[in-house]
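Structure file input00.txt (compact mmCIF, C-alpha atoms) follows.
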```txt
# COMPACT_ATOMS: atom_id res chain seq x y z
CA MET A 251 -10.20 -22.42 -134.01
CA GLY A 252 -12.82 -23.41 -131.39
CA LEU A 253 -14.43 -21.65 -128.51
CA SER A 254 -12.28 -21.18 -125.41
CA VAL A 255 -13.79 -21.03 -121.95
CA ILE A 256 -12.07 -18.92 -119.30
CA GLU A 257 -12.97 -18.84 -115.60
CA HIS A 258 -12.22 -16.17 -113.00
CA VAL A 259 -12.85 -16.91 -109.28
CA GLU A 260 -12.90 -14.52 -106.32
CA HIS A 261 -13.63 -14.86 -102.60
CA PRO A 262 -14.70 -11.27 -101.90
CA PHE A 263 -16.60 -11.64 -98.59
CA ALA A 264 -15.64 -11.51 -94.88
CA LYS A 265 -12.06 -10.32 -95.12
CA GLY A 266 -10.26 -9.43 -91.93
CA ASN A 267 -7.92 -10.82 -89.32
CA LEU A 268 -6.70 -14.37 -89.85
CA THR A 269 -8.17 -17.07 -87.64
CA SER A 270 -6.76 -20.29 -86.23
CA ASP A 271 -9.44 -22.42 -87.92
CA GLY A 272 -9.58 -20.53 -91.23
CA VAL A 273 -13.22 -19.49 -90.78
CA GLN A 274 -13.79 -15.76 -91.06
CA TRP A 275 -17.09 -13.92 -90.79
CA SER A 276 -17.98 -10.39 -91.80
CA VAL A 277 -18.91 -7.88 -89.16
CA GLU A 278 -22.28 -8.85 -87.69
CA LYS A 279 -25.11 -6.65 -88.97
CA THR A 280 -28.15 -5.95 -86.76
CA THR A 281 -31.12 -4.40 -88.55
CA SER A 282 -32.60 -1.16 -87.26
CA THR A 283 -35.68 -0.90 -89.52
CA ASP A 284 -38.51 -3.17 -90.67
CA GLY A 285 -37.21 -3.24 -94.26
CA TYR A 286 -34.38 -5.14 -95.90
CA GLU A 287 -30.90 -3.98 -94.89
CA THR A 288 -27.49 -4.86 -96.33
CA VAL A 289 -25.22 -7.14 -94.30
CA GLU A 290 -22.27 -6.87 -96.70
CA GLU A 291 -21.94 -5.58 -100.25
CA VAL A 292 -18.90 -6.19 -102.44
CA LYS A 293 -17.80 -5.02 -105.85
CA VAL A 294 -16.35 -7.69 -108.12
CA ASN A 295 -14.22 -6.29 -110.92
CA PRO A 296 -12.73 -9.22 -112.84
CA PRO A 297 -10.70 -8.65 -115.98
CA ALA A 298 -12.73 -8.45 -119.20
CA LEU A 299 -11.85 -11.85 -120.69
CA GLY A 300 -14.66 -12.18 -123.25
CA ALA A 301 -18.44 -12.53 -123.31
CA ILE A 302 -19.97 -13.74 -120.03
CA ILE A 303 -21.53 -17.20 -120.39
CA GLU A 304 -22.67 -17.48 -116.77
CA PHE A 305 -21.89 -16.73 -113.16
CA GLU A 306 -21.34 -19.41 -110.54
CA PHE A 307 -21.90 -18.77 -106.85
CA GLY A 308 -21.26 -20.44 -103.52
CA LEU A 309 -22.62 -17.86 -101.06
CA THR A 310 -22.78 -18.63 -97.34
CA CYS A 311 -24.37 -16.55 -94.63
CA ALA A 312 -25.57 -17.02 -91.08
CA VAL A 313 -28.74 -15.36 -89.80
CA LYS A 314 -30.70 -15.17 -86.55
CA SER A 315 -33.35 -13.13 -84.78
CA SER A 316 -33.14 -11.07 -81.61
CA SER A 317 -36.26 -12.95 -80.41
CA THR A 318 -37.21 -16.57 -79.89
CA LEU A 319 -40.60 -15.75 -81.43
CA GLU A 320 -39.52 -14.09 -84.67
CA SER A 321 -38.36 -15.28 -88.09
CA VAL A 322 -35.62 -13.82 -90.30
CA LEU A 323 -35.85 -13.30 -94.08
CA PHE A 324 -32.87 -13.01 -96.40
CA LYS A 325 -31.81 -12.96 -100.04
CA TRP A 326 -28.62 -12.62 -102.06
CA GLN A 327 -28.67 -10.08 -104.90
CA GLY A 328 -26.45 -9.01 -107.79
CA ARG A 329 -26.38 -6.09 -110.22
CA ASN A 330 -24.29 -4.44 -112.87
CA SER A 331 -22.20 -1.85 -111.02
CA GLY A 332 -24.53 0.98 -110.00
CA GLY A 333 -27.61 -0.62 -111.64
CA SER A 334 -30.84 -2.18 -110.37
CA TRP A 335 -30.63 -5.17 -108.02
CA VAL A 336 -31.58 -8.67 -109.22
CA ASP A 337 -32.52 -11.45 -106.77
CA LEU A 338 -30.20 -14.46 -107.17
CA HIS A 339 -32.83 -16.72 -105.50
CA SER A 340 -36.26 -16.31 -103.97
CA GLU A 341 -36.61 -14.91 -100.47
CA VAL A 342 -35.75 -17.40 -97.70
CA THR A 343 -37.41 -17.52 -94.28
CA TYR A 344 -35.65 -18.90 -91.21
CA SER A 345 -38.73 -19.79 -89.17
CA PRO A 346 -39.76 -18.50 -85.73
CA ASP A 347 -37.49 -19.37 -82.85
CA ALA A 348 -34.62 -18.22 -85.05
CA SER A 349 -32.68 -16.99 -82.02
CA THR A 350 -29.53 -19.00 -82.77
CA TYR A 351 -27.37 -18.58 -85.85
CA LYS A 352 -28.17 -20.90 -88.74
CA GLU A 353 -25.87 -21.13 -91.77
CA TYR A 354 -27.27 -21.19 -95.30
CA THR A 355 -25.32 -21.77 -98.51
CA TYR A 356 -26.86 -20.84 -101.84
CA SER A 357 -24.92 -22.11 -104.81
CA GLY A 358 -25.21 -22.84 -108.48
CA ARG A 359 -24.89 -21.33 -111.90
CA PHE A 360 -26.75 -18.18 -112.90
CA LYS A 361 -27.29 -17.03 -116.49
CA PRO A 362 -26.76 -13.33 -117.21
CA VAL A 363 -30.02 -11.35 -117.13
CA THR A 364 -30.99 -7.73 -117.69
CA ASP A 365 -29.30 -5.57 -115.01
CA PHE A 366 -26.86 -8.38 -114.15
CA ASN A 367 -24.89 -9.28 -117.25
CA LYS A 368 -21.55 -7.49 -117.31
CA THR A 369 -18.49 -6.56 -115.29
CA PRO A 370 -17.86 -4.96 -112.89
CA PHE A 371 -20.79 -6.06 -110.70
CA ASP A 372 -21.97 -5.89 -107.11
CA ILE A 373 -23.16 -8.72 -104.83
CA ARG A 374 -24.90 -8.25 -101.48
CA LEU A 375 -26.73 -10.07 -98.71
CA GLN A 376 -30.02 -8.53 -97.52
CA ILE A 377 -31.80 -9.42 -94.26
CA LYS A 378 -34.91 -8.31 -92.39
CA SER A 379 -37.06 -9.31 -89.44
CA GLY A 380 -40.10 -11.45 -90.24
CA SER A 381 -42.57 -8.88 -88.92
CA ALA A 382 -42.74 -5.21 -88.12
CA GLY A 383 -42.20 -3.97 -84.63
CA GLY A 384 -39.42 -4.39 -82.19
CA GLU A 385 -37.44 -7.41 -83.26
CA ASN A 386 -34.15 -7.32 -85.16
CA ALA A 387 -32.56 -9.60 -87.71
CA LEU A 388 -28.84 -10.31 -87.43
CA GLY A 389 -26.61 -11.62 -90.18
CA LYS A 390 -23.06 -12.13 -91.38
CA THR A 391 -21.29 -13.49 -94.47
CA LYS A 392 -18.64 -16.23 -94.56
CA ASN A 393 -15.18 -16.07 -96.14
CA SER A 394 -15.68 -19.34 -98.02
CA SER A 395 -18.26 -17.60 -100.23
CA TYR A 396 -17.11 -17.33 -103.82
CA VAL A 397 -18.05 -15.84 -107.17
CA LYS A 398 -16.93 -17.34 -110.47
CA VAL A 399 -17.37 -15.66 -113.85
CA ILE A 400 -17.29 -17.99 -116.87
CA TYR A 401 -16.41 -16.35 -120.19
CA SER A 402 -16.25 -17.40 -123.80
CA ALA A 403 -13.27 -16.19 -125.76
CA SER A 404 -12.50 -16.99 -129.35
```
Encoded form using C-alpha cells:
Amino acid sequence: MGLSVIEHVEHPFAKGNLTSDGVQWSVEKTTSTDGYETVEEVKVNPPALGAIIEFEFGLTCAVKSSSTLESVLFKWQGRNSGGSWVDLHSEVTYSPDASTYKEYTYSGRFKPVTDFNKTPFDIRLQIKSGSAGGENALGKTKNSSYVKVIYSAS
C-alpha cells in the first residue's frame, strides 16, 4: 500500500457580514506603539490526518500609513499553538508615501520547522510604522486568505 496525501483547507481570516461583491476585510487595525502589533490572529485546528508534509498559504493583507511621509512594515507569522512565533517570510516595507492602502499577497508552500510543525497552530499579521514617533501603521486582512495543511497518511 502506498503513501496517501490528504489536504485540509481553511479560510480563517476576515469573517463578518456578507458583502455584495464577496470581498470581506477584517476590522482595520491602527497601531498605537512603535513596535509590531497584531492586525488579526487566528487559530487553525484541522483534524489530525497524519504527519504534516507542508503548509500552503495564500495570505492577503492591505496596509497603509497615517502619513504621506512614512513607510509601513509587515510580516505574516505562524506558530504551534501557544509557542514561539516563526516568520513565514522576511519583513516587507511599503515605502514612504504609503498613505493609501496597498494589497499584498504572500503565497507558497512552507515546510514544517521548529515551533511551527504541528496542529493546532496560530497565524497572524503584524504591522508597524517605519520609524518611531507620531505616525501610525494601518492594516487589515482579506477573506480570500487561505491556509492548507498537506498530510501524509499510510
### Query
Between atom CA of A:Lys392 and atom CA of A:Phe263, what is the distance, to one decimal in Å?
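Going from atom CA of A:Lys392 over to atom CA of A:Phe263 covers 6.4 Å.
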### Task
Have a look at A:Asp365, A:Glu341, A:Asp284, A:Glu257 and name the one nearest to A:Ala298; count all atoms listed in the file.
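Checking each candidate against A:Ala298, we get A:Glu257 as the closest.
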Contact check, stretch 267-295 of chain A to stretch 377-388 of chain A, at most 12 Å, counting only C-alpha atoms, closest pairs as a Markdown table:
```
| residue | atom | partner | partner_atom | distance |
| --- | --- | --- | --- | --- |
| A:Ser276 | CA | A:Leu388 | CA | 11.7 |
| A:Val277 | CA | A:Leu388 | CA | 10.4 |
| A:Glu278 | CA | A:Leu388 | CA | 6.7 |
| A:Lys279 | CA | A:Leu388 | CA | 5.4 |
| A:Thr280 | CA | A:Leu388 | CA | 4.5 |
| A:Thr281 | CA | A:Asn386 | CA | 5.4 |
| A:Ser282 | CA | A:Asn386 | CA | 6.7 |
| A:Thr283 | CA | A:Asn386 | CA | 7.9 |
| A:Asp284 | CA | A:Ala382 | CA | 5.3 |
| A:Gly285 | CA | A:Lys378 | CA | 5.9 |
| A:Tyr286 | CA | A:Lys378 | CA | 4.8 |
| A:Glu287 | CA | A:Ile377 | CA | 5.5 |
| A:Thr288 | CA | A:Ile377 | CA | 6.6 |
| A:Val289 | CA | A:Ile377 | CA | 7.0 |
| A:Glu290 | CA | A:Ile377 | CA | 10.2 |
```
### Task
Compare A:Gln376, A:Thr350, A:Asn330, A:Ser394 by their minimum atom-to-atom distance to A:Val259, counting all atoms listed in the file, and give me the closest one.
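Comparing A:Gln376, A:Thr350, A:Asn330, A:Ser394 against A:Val259, the winner is A:Ser394.
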Counting only C-alpha atoms, find the residues whose atoms lie at most 10 Å from (-17.2, -5.6, -104.0) (file coordinates) and write them out as a CSV table (one decimal) with C-alpha atoms, in the frame of the given file.
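Here's the written file part10.csv:
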```
chain,number,residue,atom,x,y,z
A,262,PRO,CA,-14.7,-11.3,-101.9
A,263,PHE,CA,-16.6,-11.6,-98.6
A,290,GLU,CA,-22.3,-6.9,-96.7
A,291,GLU,CA,-21.9,-5.6,-100.2
A,292,VAL,CA,-18.9,-6.2,-102.4
A,293,LYS,CA,-17.8,-5.0,-105.8
A,294,VAL,CA,-16.4,-7.7,-108.1
A,295,ASN,CA,-14.2,-6.3,-110.9
A,331,SER,CA,-22.2,-1.8,-111.0
A,370,PRO,CA,-17.9,-5.0,-112.9
A,371,PHE,CA,-20.8,-6.1,-110.7
A,372,ASP,CA,-22.0,-5.9,-107.1
A,373,ILE,CA,-23.2,-8.7,-104.8
A,374,ARG,CA,-24.9,-8.2,-101.5
```
### Task
Check the smallest atom-to-atom distance from each of A:Val313, A:Val363, A:Ala301, A:Val397 to A:Asp347 using all atoms listed in the file, then report the winner.
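Nearest to A:Asp347: A:Val313.
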### Task
Kindly give the distance, in Å, that separates atom CA of A:His261 and atom CA of A:Asp337, rounded to a single decimal.
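Distance between the two atoms: 19.6 Å.
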Reconstruct N, CA and C atoms of stretch 322-355 of chain A from the incomplete input and present them as a CSV table (one decimal), in the frame of the given file.
```csv
chain,number,residue,atom,x,y,z
A,322,VAL,N,-36.5,-14.7,-89.6
A,322,VAL,CA,-35.6,-13.8,-90.3
A,322,VAL,C,-35.8,-14.1,-91.8
A,323,LEU,N,-35.8,-13.1,-92.6
A,323,LEU,CA,-35.8,-13.3,-94.1
A,323,LEU,C,-34.5,-12.8,-94.7
A,324,PHE,N,-34.1,-13.5,-95.7
A,324,PHE,CA,-32.9,-13.0,-96.4
A,324,PHE,C,-32.9,-13.4,-97.9
A,325,LYS,N,-32.0,-12.7,-98.6
A,325,LYS,CA,-31.8,-13.0,-100.0
A,325,LYS,C,-30.5,-12.4,-100.5
A,326,TRP,N,-29.8,-13.1,-101.4
A,326,TRP,CA,-28.6,-12.6,-102.1
A,326,TRP,C,-29.0,-11.9,-103.4
A,327,GLN,N,-28.4,-10.8,-103.7
A,327,GLN,CA,-28.7,-10.1,-104.9
A,327,GLN,C,-27.4,-9.7,-105.6
A,328,GLY,N,-27.5,-9.5,-107.0
A,328,GLY,CA,-26.4,-9.0,-107.8
A,328,GLY,C,-26.9,-7.9,-108.7
A,329,ARG,N,-26.0,-7.1,-109.3
A,329,ARG,CA,-26.4,-6.1,-110.2
A,329,ARG,C,-25.1,-5.7,-111.0
A,330,ASN,N,-25.4,-5.1,-112.2
A,330,ASN,CA,-24.3,-4.4,-112.9
A,330,ASN,C,-23.9,-3.3,-112.0
A,331,SER,N,-22.7,-2.9,-111.9
A,331,SER,CA,-22.2,-1.8,-111.0
A,331,SER,C,-23.1,-0.6,-111.1
A,332,GLY,N,-23.7,-0.2,-110.0
A,332,GLY,CA,-24.5,1.0,-110.0
A,332,GLY,C,-25.9,0.8,-110.6
A,333,GLY,N,-26.3,-0.4,-111.0
A,333,GLY,CA,-27.6,-0.6,-111.6
A,333,GLY,C,-28.7,-1.1,-110.7
A,334,SER,N,-29.7,-1.7,-111.2
A,334,SER,CA,-30.8,-2.2,-110.4
A,334,SER,C,-30.5,-3.6,-109.9
A,335,TRP,N,-30.9,-3.9,-108.6
A,335,TRP,CA,-30.6,-5.2,-108.0
A,335,TRP,C,-31.5,-6.3,-108.6
A,336,VAL,N,-30.9,-7.5,-108.7
A,336,VAL,CA,-31.6,-8.7,-109.2
A,336,VAL,C,-31.5,-9.7,-108.1
A,337,ASP,N,-32.6,-10.4,-107.8
A,337,ASP,CA,-32.5,-11.4,-106.8
A,337,ASP,C,-31.9,-12.7,-107.4
A,338,LEU,N,-30.9,-13.3,-106.7
A,338,LEU,CA,-30.2,-14.5,-107.2
A,338,LEU,C,-31.0,-15.7,-106.8
A,339,HIS,N,-31.9,-15.6,-105.9
A,339,HIS,CA,-32.8,-16.7,-105.5
A,339,HIS,C,-34.0,-16.1,-104.8
A,340,SER,N,-35.1,-16.9,-104.6
A,340,SER,CA,-36.3,-16.3,-104.0
A,340,SER,C,-36.0,-16.1,-102.5
A,341,GLU,N,-36.8,-15.2,-101.9
A,341,GLU,CA,-36.6,-14.9,-100.5
A,341,GLU,C,-36.7,-16.2,-99.6
A,342,VAL,N,-35.8,-16.2,-98.6
A,342,VAL,CA,-35.8,-17.4,-97.7
A,342,VAL,C,-36.2,-17.0,-96.3
A,343,THR,N,-37.0,-17.8,-95.6
A,343,THR,CA,-37.4,-17.5,-94.3
A,343,THR,C,-36.8,-18.5,-93.3
A,344,TYR,N,-36.1,-18.1,-92.3
A,344,TYR,CA,-35.6,-18.9,-91.2
A,344,TYR,C,-36.8,-18.8,-90.2
A,345,SER,N,-37.5,-19.8,-89.9
A,345,SER,CA,-38.7,-19.8,-89.2
A,345,SER,C,-38.6,-19.3,-87.7
A,346,PRO,N,-39.8,-19.0,-87.1
A,346,PRO,CA,-39.8,-18.5,-85.7
A,346,PRO,C,-38.9,-19.4,-84.8
A,347,ASP,N,-38.5,-18.8,-83.8
A,347,ASP,CA,-37.5,-19.4,-82.8
A,347,ASP,C,-36.1,-19.4,-83.6
A,348,ALA,N,-35.9,-18.4,-84.3
A,348,ALA,CA,-34.6,-18.2,-85.0
A,348,ALA,C,-33.6,-17.5,-84.2
A,349,SER,N,-33.5,-17.8,-82.9
A,349,SER,CA,-32.7,-17.0,-82.0
A,349,SER,C,-31.2,-17.5,-82.0
A,350,THR,N,-30.9,-18.6,-82.7
A,350,THR,CA,-29.5,-19.0,-82.8
A,350,THR,C,-29.1,-18.9,-84.2
A,351,TYR,N,-27.8,-18.7,-84.5
A,351,TYR,CA,-27.4,-18.6,-85.8
A,351,TYR,C,-27.6,-19.9,-86.6
A,352,LYS,N,-28.1,-19.8,-87.8
A,352,LYS,CA,-28.2,-20.9,-88.7
A,352,LYS,C,-27.5,-20.5,-90.0
A,353,GLU,N,-26.6,-21.4,-90.5
A,353,GLU,CA,-25.9,-21.1,-91.8
A,353,GLU,C,-26.7,-21.6,-93.0
A,354,TYR,N,-26.6,-20.8,-94.0
A,354,TYR,CA,-27.3,-21.2,-95.3
A,354,TYR,C,-26.2,-21.0,-96.4
A,355,THR,N,-26.2,-21.9,-97.3
A,355,THR,CA,-25.3,-21.8,-98.5
A,355,THR,C,-26.2,-21.9,-99.7
```
